[in-house]
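**Q** This is the content of my_file05.txt (compact mmCIF, C-alpha atoms):
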# COMPACT_ATOMS: atom_id res chain seq x y z
CA MET A 29 23.34 31.24 -20.01
CA ARG A 30 23.40 34.70 -21.47
CA LEU A 31 21.32 37.83 -21.11
CA GLU A 32 19.33 39.48 -23.89
CA PHE A 33 17.78 42.93 -23.44
CA ALA A 34 13.98 42.70 -23.09
CA LEU A 35 12.45 45.94 -21.86
CA GLU A 36 12.88 49.22 -20.05
CA MET A 37 10.36 50.58 -17.63
CA GLN A 38 10.03 54.15 -16.37
CA LEU A 39 8.00 54.28 -13.22
CA ASP A 40 6.41 57.36 -11.67
CA LEU A 41 6.10 56.89 -7.94
CA GLY A 42 3.68 58.44 -5.51
CA ALA A 43 4.14 59.29 -1.86
CA ARG A 44 6.16 56.90 0.26
CA ARG A 45 4.65 55.35 3.37
CA HIS A 46 6.49 53.44 6.08
CA ILE A 47 5.41 50.66 8.39
CA GLU A 48 7.82 49.86 11.21
CA VAL A 49 7.07 46.15 11.51
CA ALA A 50 9.85 45.45 14.02
CA PRO A 51 12.61 47.53 15.58
CA GLY A 52 15.15 48.20 12.83
CA TYR A 53 12.99 46.80 10.04
CA THR A 54 10.74 49.03 8.01
CA ARG A 55 8.34 48.07 5.25
CA GLY A 56 8.15 50.85 2.71
CA ALA A 57 5.17 51.27 0.42
CA VAL A 58 5.36 53.37 -2.73
CA LEU A 59 2.37 53.21 -5.03
CA VAL A 60 2.88 53.48 -8.79
CA ALA A 61 1.46 56.69 -10.20
CA GLY A 62 2.03 55.70 -13.82
CA GLY A 63 4.80 55.15 -16.29
CA ARG A 64 5.72 53.52 -19.59
CA PHE A 65 7.56 50.43 -20.75
CA SER A 66 9.01 49.39 -24.06
CA GLY A 67 11.25 46.77 -25.57
CA PRO A 68 11.50 44.59 -28.67
CA GLY A 69 7.93 43.50 -29.49
CA LEU A 70 6.15 45.16 -26.61
CA SER A 71 5.24 48.58 -25.30
CA GLY A 72 2.61 50.12 -23.13
CA ARG A 73 1.86 51.87 -19.88
CA ILE A 74 1.98 51.05 -16.23
CA VAL A 75 -1.52 51.04 -14.75
CA ALA A 76 -1.64 53.87 -12.20
CA GLY A 77 -2.71 52.78 -8.74
CA SER A 78 -2.49 49.06 -9.58
CA GLY A 79 0.19 48.32 -6.99
CA GLY A 80 3.61 49.45 -5.96
CA ASP A 81 7.00 48.79 -4.55
CA PHE A 82 7.19 47.37 -1.03
CA PRO A 83 10.79 47.32 0.14
CA MET A 84 11.84 45.72 3.41
CA VAL A 85 14.57 48.05 4.62
CA ARG A 86 17.03 47.30 7.40
CA ALA A 87 18.41 49.93 9.72
CA ASP A 88 21.63 49.97 7.63
CA GLY A 89 19.64 50.79 4.49
CA SER A 90 20.16 47.50 2.67
CA GLY A 91 17.25 45.25 2.06
CA ARG A 92 14.91 43.24 -0.08
CA PHE A 93 12.15 44.63 -2.14
CA GLU A 94 8.98 43.20 -3.51
CA SER A 95 6.81 44.86 -6.07
CA GLN A 96 3.55 44.08 -7.75
CA TYR A 97 1.56 46.09 -10.29
CA LEU A 98 -0.11 45.83 -13.67
CA LEU A 99 1.09 46.64 -17.16
CA GLU A 100 -1.19 47.35 -20.09
CA THR A 101 0.26 46.91 -23.56
CA ASP A 102 -0.55 49.40 -26.32
CA ASP A 103 -2.75 46.71 -27.91
CA GLY A 104 -4.81 46.38 -24.74
CA VAL A 105 -3.42 43.30 -22.95
CA THR A 106 -3.18 43.36 -19.16
CA ILE A 107 -0.09 41.73 -17.60
CA LEU A 108 0.70 41.23 -13.93
CA LYS A 109 4.29 41.93 -12.90
CA ARG A 110 5.71 40.74 -9.59
CA SER A 111 9.30 41.19 -8.63
CA THR A 112 11.74 40.31 -5.88
CA GLY A 113 15.11 41.98 -5.54
CA VAL A 114 18.05 43.05 -3.43
CA ARG A 115 19.53 46.46 -2.75
CA HIS A 116 22.90 46.87 -1.14
CA ALA A 117 24.89 50.09 -0.82
CA PRO A 118 27.36 51.92 1.40
CA PRO A 119 25.66 54.00 4.15
CA ASP A 120 26.35 57.40 2.54
CA VAL A 121 24.78 56.23 -0.73
CA VAL A 122 21.70 54.98 1.12
CA ARG A 123 21.38 58.35 2.86
CA ALA A 124 21.49 60.17 -0.49
CA LEU A 125 18.96 57.78 -2.03
CA LEU A 126 16.52 58.18 0.85
CA ALA A 127 16.96 61.96 0.72
CA GLY A 128 15.91 61.89 -2.94
CA GLU A 129 19.24 63.16 -4.23
CA PRO A 130 20.58 62.11 -7.64
CA VAL A 131 22.92 59.15 -7.14
CA ASP A 132 25.21 57.40 -9.60
CA PRO A 133 23.53 53.99 -10.20
CA HIS A 134 26.97 52.34 -10.27
CA SER A 135 27.43 53.24 -6.58
CA TYR A 136 24.82 50.73 -5.38
CA TYR A 137 23.73 47.17 -6.14
CA MET A 138 20.06 46.95 -7.09
CA ARG A 139 19.13 43.78 -8.92
CA MET A 140 15.79 42.06 -9.26
CA THR A 141 14.15 39.05 -10.83
CA PRO A 142 10.65 39.89 -12.10
CA ARG A 143 7.97 37.38 -13.04
CA PHE A 144 5.04 38.06 -15.31
CA GLU A 145 1.60 36.57 -15.73
CA ALA A 146 0.26 37.14 -19.23
CA PRO A 147 -2.70 35.63 -21.06
CA ARG A 148 -2.24 33.17 -23.90
CA GLY A 149 -1.21 35.08 -27.00
CA PRO A 150 1.66 37.25 -28.20
CA TYR A 151 2.94 37.96 -24.67
CA ASP A 152 2.66 34.50 -23.09
CA TRP A 153 6.45 34.00 -23.36
CA LEU A 154 6.72 36.49 -20.47
CA GLY A 155 5.15 33.86 -18.21
CA ARG A 156 7.78 31.20 -18.83
CA THR A 157 10.93 33.31 -19.06
CA LEU A 158 13.42 34.28 -16.36
CA PHE A 159 14.45 37.92 -16.22
CA VAL A 160 17.25 39.83 -14.57
CA GLY A 161 16.72 43.49 -13.81
CA VAL A 162 18.78 46.49 -12.84
CA GLY A 163 17.16 49.33 -10.97
CA GLN A 164 17.96 52.99 -10.95
CA ARG A 165 16.41 55.24 -8.35
CA ASN A 166 15.87 58.81 -9.48
CA PRO A 167 14.31 61.62 -7.45
CA ALA A 168 11.00 61.45 -9.37
CA GLY A 169 10.79 57.72 -9.95
CA SER A 170 12.65 54.61 -10.99
CA ILE A 171 14.03 53.21 -14.20
CA PHE A 172 14.21 49.45 -14.49
CA ARG A 173 15.88 47.57 -17.32
CA PHE A 174 15.19 43.89 -17.76
CA TRP A 175 17.14 41.21 -19.62
CA LYS A 176 15.88 37.76 -20.54
CA VAL A 177 17.92 34.76 -19.41
CA VAL A 178 18.37 32.76 -22.62
CA MET B 3 23.19 64.68 -14.03
CA ASP B 4 22.85 61.96 -16.63
CA PHE B 5 23.61 58.57 -15.18
CA THR B 6 23.13 55.28 -16.97
CA ALA B 7 22.61 52.19 -14.87
CA PRO B 8 25.04 49.29 -15.20
CA THR B 9 24.42 46.42 -17.62
CA PRO B 10 24.08 43.17 -15.66
CA ALA B 11 26.02 39.97 -16.24
CA LEU B 12 25.98 36.45 -14.81
CA GLN B 13 29.12 35.31 -13.01
CA PRO B 14 29.54 31.63 -11.98
CA ALA B 15 29.55 31.42 -8.16
CA PHE B 16 28.40 28.04 -6.81
CA ARG B 17 27.58 24.50 -7.82
CA MET B 18 24.91 22.49 -6.06
CA ARG B 19 24.17 18.78 -6.41
CA ILE B 20 20.60 18.08 -5.29
CA GLU B 21 19.34 14.64 -4.31
CA ARG B 22 15.56 14.50 -4.54
CA GLY B 23 13.20 11.99 -2.96
CA ALA B 24 10.02 10.53 -4.40
CA ALA B 25 7.47 13.07 -5.60
CA LEU B 26 4.31 13.62 -3.59
CA SER B 27 1.35 14.59 -5.77
CA VAL B 28 -1.57 16.61 -4.47
CA GLY B 29 -3.34 16.03 -7.77
CA THR B 30 -4.83 18.50 -10.22
CA VAL B 31 -5.66 21.64 -8.32
CA ALA B 32 -7.94 24.57 -9.09
CA THR B 33 -5.00 26.87 -9.88
CA GLY B 34 -4.40 25.24 -13.25
CA GLY B 35 -2.20 22.19 -13.02
CA GLU B 36 -0.84 19.28 -11.02
CA ARG B 37 0.67 20.19 -7.66
CA LEU B 38 3.74 18.15 -6.77
CA TYR B 39 6.33 18.25 -4.01
CA LEU B 40 9.88 16.96 -4.32
CA PRO B 41 11.73 16.71 -0.99
CA VAL B 42 15.48 17.32 -0.90
CA THR B 43 17.13 14.26 0.67
CA GLY B 44 20.75 15.29 0.38
CA GLY B 45 23.40 16.84 -1.80
CA ALA B 46 26.37 19.14 -1.79
CA PHE B 47 27.09 22.85 -2.27
CA GLU B 48 30.43 24.40 -3.16
CA GLY B 49 32.01 27.56 -4.54
CA GLU B 50 33.78 30.80 -3.57
CA GLY B 51 35.64 28.95 -0.81
CA LEU B 52 32.46 27.54 0.74
CA ARG B 53 31.60 23.87 1.00
CA GLY B 54 28.38 22.60 2.55
CA ARG B 55 25.82 19.85 2.40
CA LEU B 56 22.12 19.99 1.65
CA ALA B 57 20.34 19.35 4.92
CA GLY B 58 16.74 19.88 3.88
CA GLY B 59 14.32 21.74 1.72
CA GLY B 60 12.19 20.90 -1.23
CA GLU B 61 10.69 21.94 -4.51
CA THR B 62 6.99 22.69 -4.79
CA LEU B 63 5.86 22.31 -8.40
CA LEU B 64 2.80 23.32 -10.34
CA ALA B 65 2.84 21.47 -13.66
CA ARG B 66 0.64 23.72 -15.77
CA ALA B 67 -1.48 22.58 -18.66
CA ASP B 68 0.57 24.75 -21.07
CA GLY B 69 3.67 22.56 -20.47
CA VAL B 70 5.47 24.98 -18.16
CA THR B 71 6.11 23.85 -14.59
CA MET B 72 6.38 26.55 -11.93
CA VAL B 73 8.91 25.67 -9.23
CA GLU B 74 9.10 27.21 -5.75
CA ALA B 75 12.34 25.99 -4.23
CA SER B 76 13.85 26.18 -0.76
CA TYR B 77 17.24 24.58 -0.07
CA LEU B 78 18.78 24.40 3.41
CA ILE B 79 22.57 24.26 3.26
CA ALA B 80 24.57 23.27 6.35
CA PHE B 81 28.20 24.38 6.62
CA PRO B 82 30.97 23.07 8.88
CA GLY B 83 30.78 24.75 12.28
CA GLY B 84 26.98 24.78 12.31
CA MET B 85 26.16 27.70 10.03
CA VAL B 86 23.07 27.26 7.88
CA ALA B 87 21.93 29.17 4.81
CA ARG B 88 18.56 28.96 3.12
CA ALA B 89 18.48 29.50 -0.64
CA PHE B 90 15.05 30.13 -2.07
CA GLY B 91 13.38 31.27 -5.27
CA SER B 92 10.61 30.68 -7.79
CA GLY B 93 11.26 29.78 -11.40
CA TYR B 94 10.39 27.41 -14.21
CA ARG B 95 11.05 23.91 -15.40
CA THR B 96 10.69 23.97 -19.17
CA GLY B 97 10.87 21.33 -21.84
CA GLY B 98 11.05 23.59 -24.87
CA ALA B 99 13.55 23.62 -27.68
CA ASP B 100 15.57 26.51 -26.21
CA PHE B 101 16.10 25.06 -22.72
CA ARG B 102 15.16 21.76 -21.10
CA GLY B 103 15.50 21.78 -17.35
CA LEU B 104 15.11 23.95 -14.28
CA ARG B 105 15.98 27.63 -14.07
CA LEU B 106 15.18 29.90 -11.16
CA PRO B 107 16.34 33.01 -9.34
CA LEU B 108 17.88 32.34 -5.94
CA TYR B 109 18.22 34.56 -2.89
CA PHE B 110 19.96 33.61 0.33
CA GLU B 111 18.74 33.97 3.89
CA VAL B 112 21.57 33.85 6.46
CA ALA B 113 22.35 34.99 9.99
CA GLN B 114 22.61 38.76 9.58
CA ASP B 115 25.89 39.23 11.45
CA GLY B 116 27.44 35.86 10.64
CA ALA B 117 30.25 34.84 8.33
CA LEU B 118 27.79 34.11 5.50
CA ALA B 119 26.08 37.53 5.64
CA ALA B 120 27.46 38.62 2.25
CA LEU B 121 25.41 35.89 0.54
CA ALA B 122 22.26 37.89 1.25
CA THR B 123 23.52 40.99 -0.57
CA SER B 124 23.33 39.54 -4.10
CA ALA B 125 20.71 38.04 -6.34
CA PHE B 126 21.50 34.81 -8.23
CA ILE B 127 20.27 32.80 -11.21
CA ALA B 128 20.44 29.01 -10.96
CA ALA B 129 20.15 26.51 -13.78
CA GLN B 130 20.18 22.76 -14.10
CA GLY B 131 19.66 21.27 -17.54
CA GLU B 132 17.81 17.97 -17.89
CA ASP B 133 21.09 16.10 -18.36
CA ASP B 134 23.20 18.04 -15.85
CA ASP B 135 24.31 16.42 -12.58
CA VAL B 136 24.61 19.73 -10.79
CA MET B 137 22.85 23.07 -10.61
CA THR B 138 25.08 26.02 -11.45
CA ILE B 139 24.40 29.21 -9.51
CA HIS B 140 25.42 32.52 -11.08
CA ARG B 141 25.68 35.81 -9.25
CA ILE B 142 23.91 38.68 -11.01
CA ILE B 143 26.58 41.38 -11.17
Would you mind writing the file out in structure tokens?
**A**
Amino acid sequence: MRLEFALEMQLDLGARRHIEVAPGYTRGAVLVAGGRFSGPGLSGRIVAGSGGDFPMVRADGSGRFESQYLLETDDGVTILKRSTGVRHAPPDVVRALLAGEPVDPHSYYMRMTPRFEAPRGPYDWLGRTLFVGVGQRNPAGSIFRFWKVV
Amino acid sequence: MDFTAPTPALQPAFRMRIERGAALSVGTVATGGERLYLPVTGGAFEGEGLRGRLAGGGETLLARADGVTMVEASYLIAFPGGMVARAFGSGYRTGGADFRGLRLPLYFEVAQDGALAALATSAFIAAQGEDDDVMTIHRII
């Protein structure tokens, strides 16, 4: 197996909400406020308000995240993106991330495996391909880069 | 500050031999294909100094009309001393020219303060080609 670059996504995030579902476990909710994506053979925008990132964060700051939102390609095709991932970082890095400070993306592990649902047509390969993603948390939003498993 | 995120790579971590029982078919369902269930009846797991046996789990399949089969897998791995890990993920079984077999992401669920806790801090990609005896599990680094 090898990885082949597929697309980059720049996500603008809205206000963060928190749900303390159990002591020490918090479900975050960050709705997407917009953004763009592009890669070989596809480009478009992220549909504002169509979903968000819903991380499950442990007291030590590590955790799983789940996200779901819509993409719209520049030629008008709507695609559903769902993703599962893991974040793991030393406590001081987590503190800086949660405080919205700029953090070197090499100082934490943030990997995800998105899945797409696309209609039959030029983008249907997205619905039968495995992807590996790397996330980068910036103060104003996130940058995700995705590689196809080929 | 201008930081660029790391480029990922796949690093071989584990090998898993899965014994599957007879398929149970629900039939053609309204969500676009045939729903099938394959129970795990046994098998072995090894790598990175760990050695365990498959103690349960299964694969829930949706064989879609377009030839792609969606697979939701859950594998229970028992280790000596009584520790158990659950590996789970959703991927695809494809029959195309580029790859014939099963490929899926895997995540591990383990006791949070136990000896296996580090398994839950990485994401993995697993693959088993049509003619392969074992599934190879790669850590996404």
**Q** Counting only C-alpha atoms, collect the residues of chain A whose closest atom lies at most 9 Å from chain B, and write them out as a PDB file with C-alpha atoms, keeping the file's coordinate frame.
**A**
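Full text of part18.pdb as output:
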ATOM      1  CA  MET A  29      23.340  31.240 -20.010  1.00  0.00           C
ATOM      2  CA  ARG A  30      23.400  34.700 -21.470  1.00  0.00           C
ATOM      3  CA  LEU A  31      21.320  37.830 -21.110  1.00  0.00           C
ATOM      4  CA  SER A  90      20.160  47.500   2.670  1.00  0.00           C
ATOM      5  CA  GLY A  91      17.250  45.250   2.060  1.00  0.00           C
ATOM      6  CA  ARG A  92      14.910  43.240  -0.080  1.00  0.00           C
ATOM      7  CA  GLY A 113      15.110  41.980  -5.540  1.00  0.00           C
ATOM      8  CA  VAL A 114      18.050  43.050  -3.430  1.00  0.00           C
ATOM      9  CA  ARG A 115      19.530  46.460  -2.750  1.00  0.00           C
ATOM     10  CA  HIS A 116      22.900  46.870  -1.140  1.00  0.00           C
ATOM     11  CA  PRO A 130      20.580  62.110  -7.640  1.00  0.00           C
ATOM     12  CA  VAL A 131      22.920  59.150  -7.140  1.00  0.00           C
ATOM     13  CA  ASP A 132      25.210  57.400  -9.600  1.00  0.00           C
ATOM     14  CA  PRO A 133      23.530  53.990 -10.200  1.00  0.00           C
ATOM     15  CA  HIS A 134      26.970  52.340 -10.270  1.00  0.00           C
ATOM     16  CA  TYR A 137      23.730  47.170  -6.140  1.00  0.00           C
ATOM     17  CA  MET A 138      20.060  46.950  -7.090  1.00  0.00           C
ATOM     18  CA  ARG A 139      19.130  43.780  -8.920  1.00  0.00           C
ATOM     19  CA  MET A 140      15.790  42.060  -9.260  1.00  0.00           C
ATOM     20  CA  THR A 141      14.150  39.050 -10.830  1.00  0.00           C
ATOM     21  CA  ARG A 143       7.970  37.380 -13.040  1.00  0.00           C
ATOM     22  CA  GLY A 155       5.150  33.860 -18.210  1.00  0.00           C
ATOM     23  CA  ARG A 156       7.780  31.200 -18.830  1.00  0.00           C
ATOM     24  CA  THR A 157      10.930  33.310 -19.060  1.00  0.00           C
ATOM     25  CA  LEU A 158      13.420  34.280 -16.360  1.00  0.00           C
ATOM     26  CA  PHE A 159      14.450  37.920 -16.220  1.00  0.00           C
ATOM     27  CA  VAL A 160      17.250  39.830 -14.570  1.00  0.00           C
ATOM     28  CA  GLY A 161      16.720  43.490 -13.810  1.00  0.00           C
ATOM     29  CA  VAL A 162      18.780  46.490 -12.840  1.00  0.00           C
ATOM     30  CA  GLY A 163      17.160  49.330 -10.970  1.00  0.00           C
ATOM     31  CA  GLN A 164      17.960  52.990 -10.950  1.00  0.00           C
ATOM     32  CA  ILE A 171      14.030  53.210 -14.200  1.00  0.00           C
ATOM     33  CA  PHE A 172      14.210  49.450 -14.490  1.00  0.00           C
ATOM     34  CA  ARG A 173      15.880  47.570 -17.320  1.00  0.00           C
ATOM     35  CA  TRP A 175      17.140  41.210 -19.620  1.00  0.00           C
ATOM     36  CA  VAL A 177      17.920  34.760 -19.410  1.00  0.00           C
ATOM     37  CA  VAL A 178      18.370  32.760 -22.620  1.00  0.00           C
TER      38      VAL A 178
END
**Q** Give the centre and edge lengths of an axis-aligned box, in Å to one decimal, that holds all listed atoms of range 104-120 of chain B with 5 Å on each side, as lines of an AutoDock Vina configuration file.
**A**
center_x = 22.7
center_y = 31.6
center_z = -1.4
size_x = 25.1
size_y = 25.3
size_z = 35.7
**Q** Residues proximal to (22.8, 30.9, 3.7) were defined as those with any atom within 6 Å of that point in the file's coordinates, counting all atoms listed in the file. Which are they, as a VMD selection string?
**A** chain B and resid 86 to 88 110 to 112
**Q** Write a file of the selected residues as a PDB file, in the frame of the given file, keeping C-alpha atoms.
**A**
ATOM      1  CA  VAL B  86      23.070  27.260   7.880  1.00  0.00           C
ATOM      2  CA  ALA B  87      21.930  29.170   4.810  1.00  0.00           C
ATOM      3  CA  ARG B  88      18.560  28.960   3.120  1.00  0.00           C
ATOM      4  CA  PHE B 110      19.960  33.610   0.330  1.00  0.00           C
ATOM      5  CA  GLU B 111      18.740  33.970   3.890  1.00  0.00           C
ATOM      6  CA  VAL B 112      21.570  33.850   6.460  1.00  0.00           C
TER       7      VAL B 112
END
**Q** Between CA of Pro167 in chain A and CA of Ala43 in chain A, what is the distance, to one decimal in Å?
**A**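 Separating CA of Pro167 in chain A from CA of Ala43 in chain A is a distance of 11.8 Å.
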**Q** Measure the distance from CA of Gly62 in chain A to CA of Arg123 in chain A in Å and round it to one decimal.
**A**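 Interatomic distance here is 25.7 Å.
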**Q** Leaving out Ile47 in chain A and any residue of its chain fewer than 4 positions from it, which residues lie within 9 Å of it when counting all atoms listed in the file, given as an MDAnalysis selection string?
**A** chainID A and resid 53:57
**Q** With C-alpha atoms retained, export the selected residues as a PDB file, in the frame of the given file.
**A**
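Produced file out.pdb, reproduced below:
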ATOM      1  CA  TYR A  53      12.990  46.800  10.040  1.00  0.00           C
ATOM      2  CA  THR A  54      10.740  49.030   8.010  1.00  0.00           C
ATOM      3  CA  ARG A  55       8.340  48.070   5.250  1.00  0.00           C
ATOM      4  CA  GLY A  56       8.150  50.850   2.710  1.00  0.00           C
ATOM      5  CA  ALA A  57       5.170  51.270   0.420  1.00  0.00           C
TER       6      ALA A  57
END
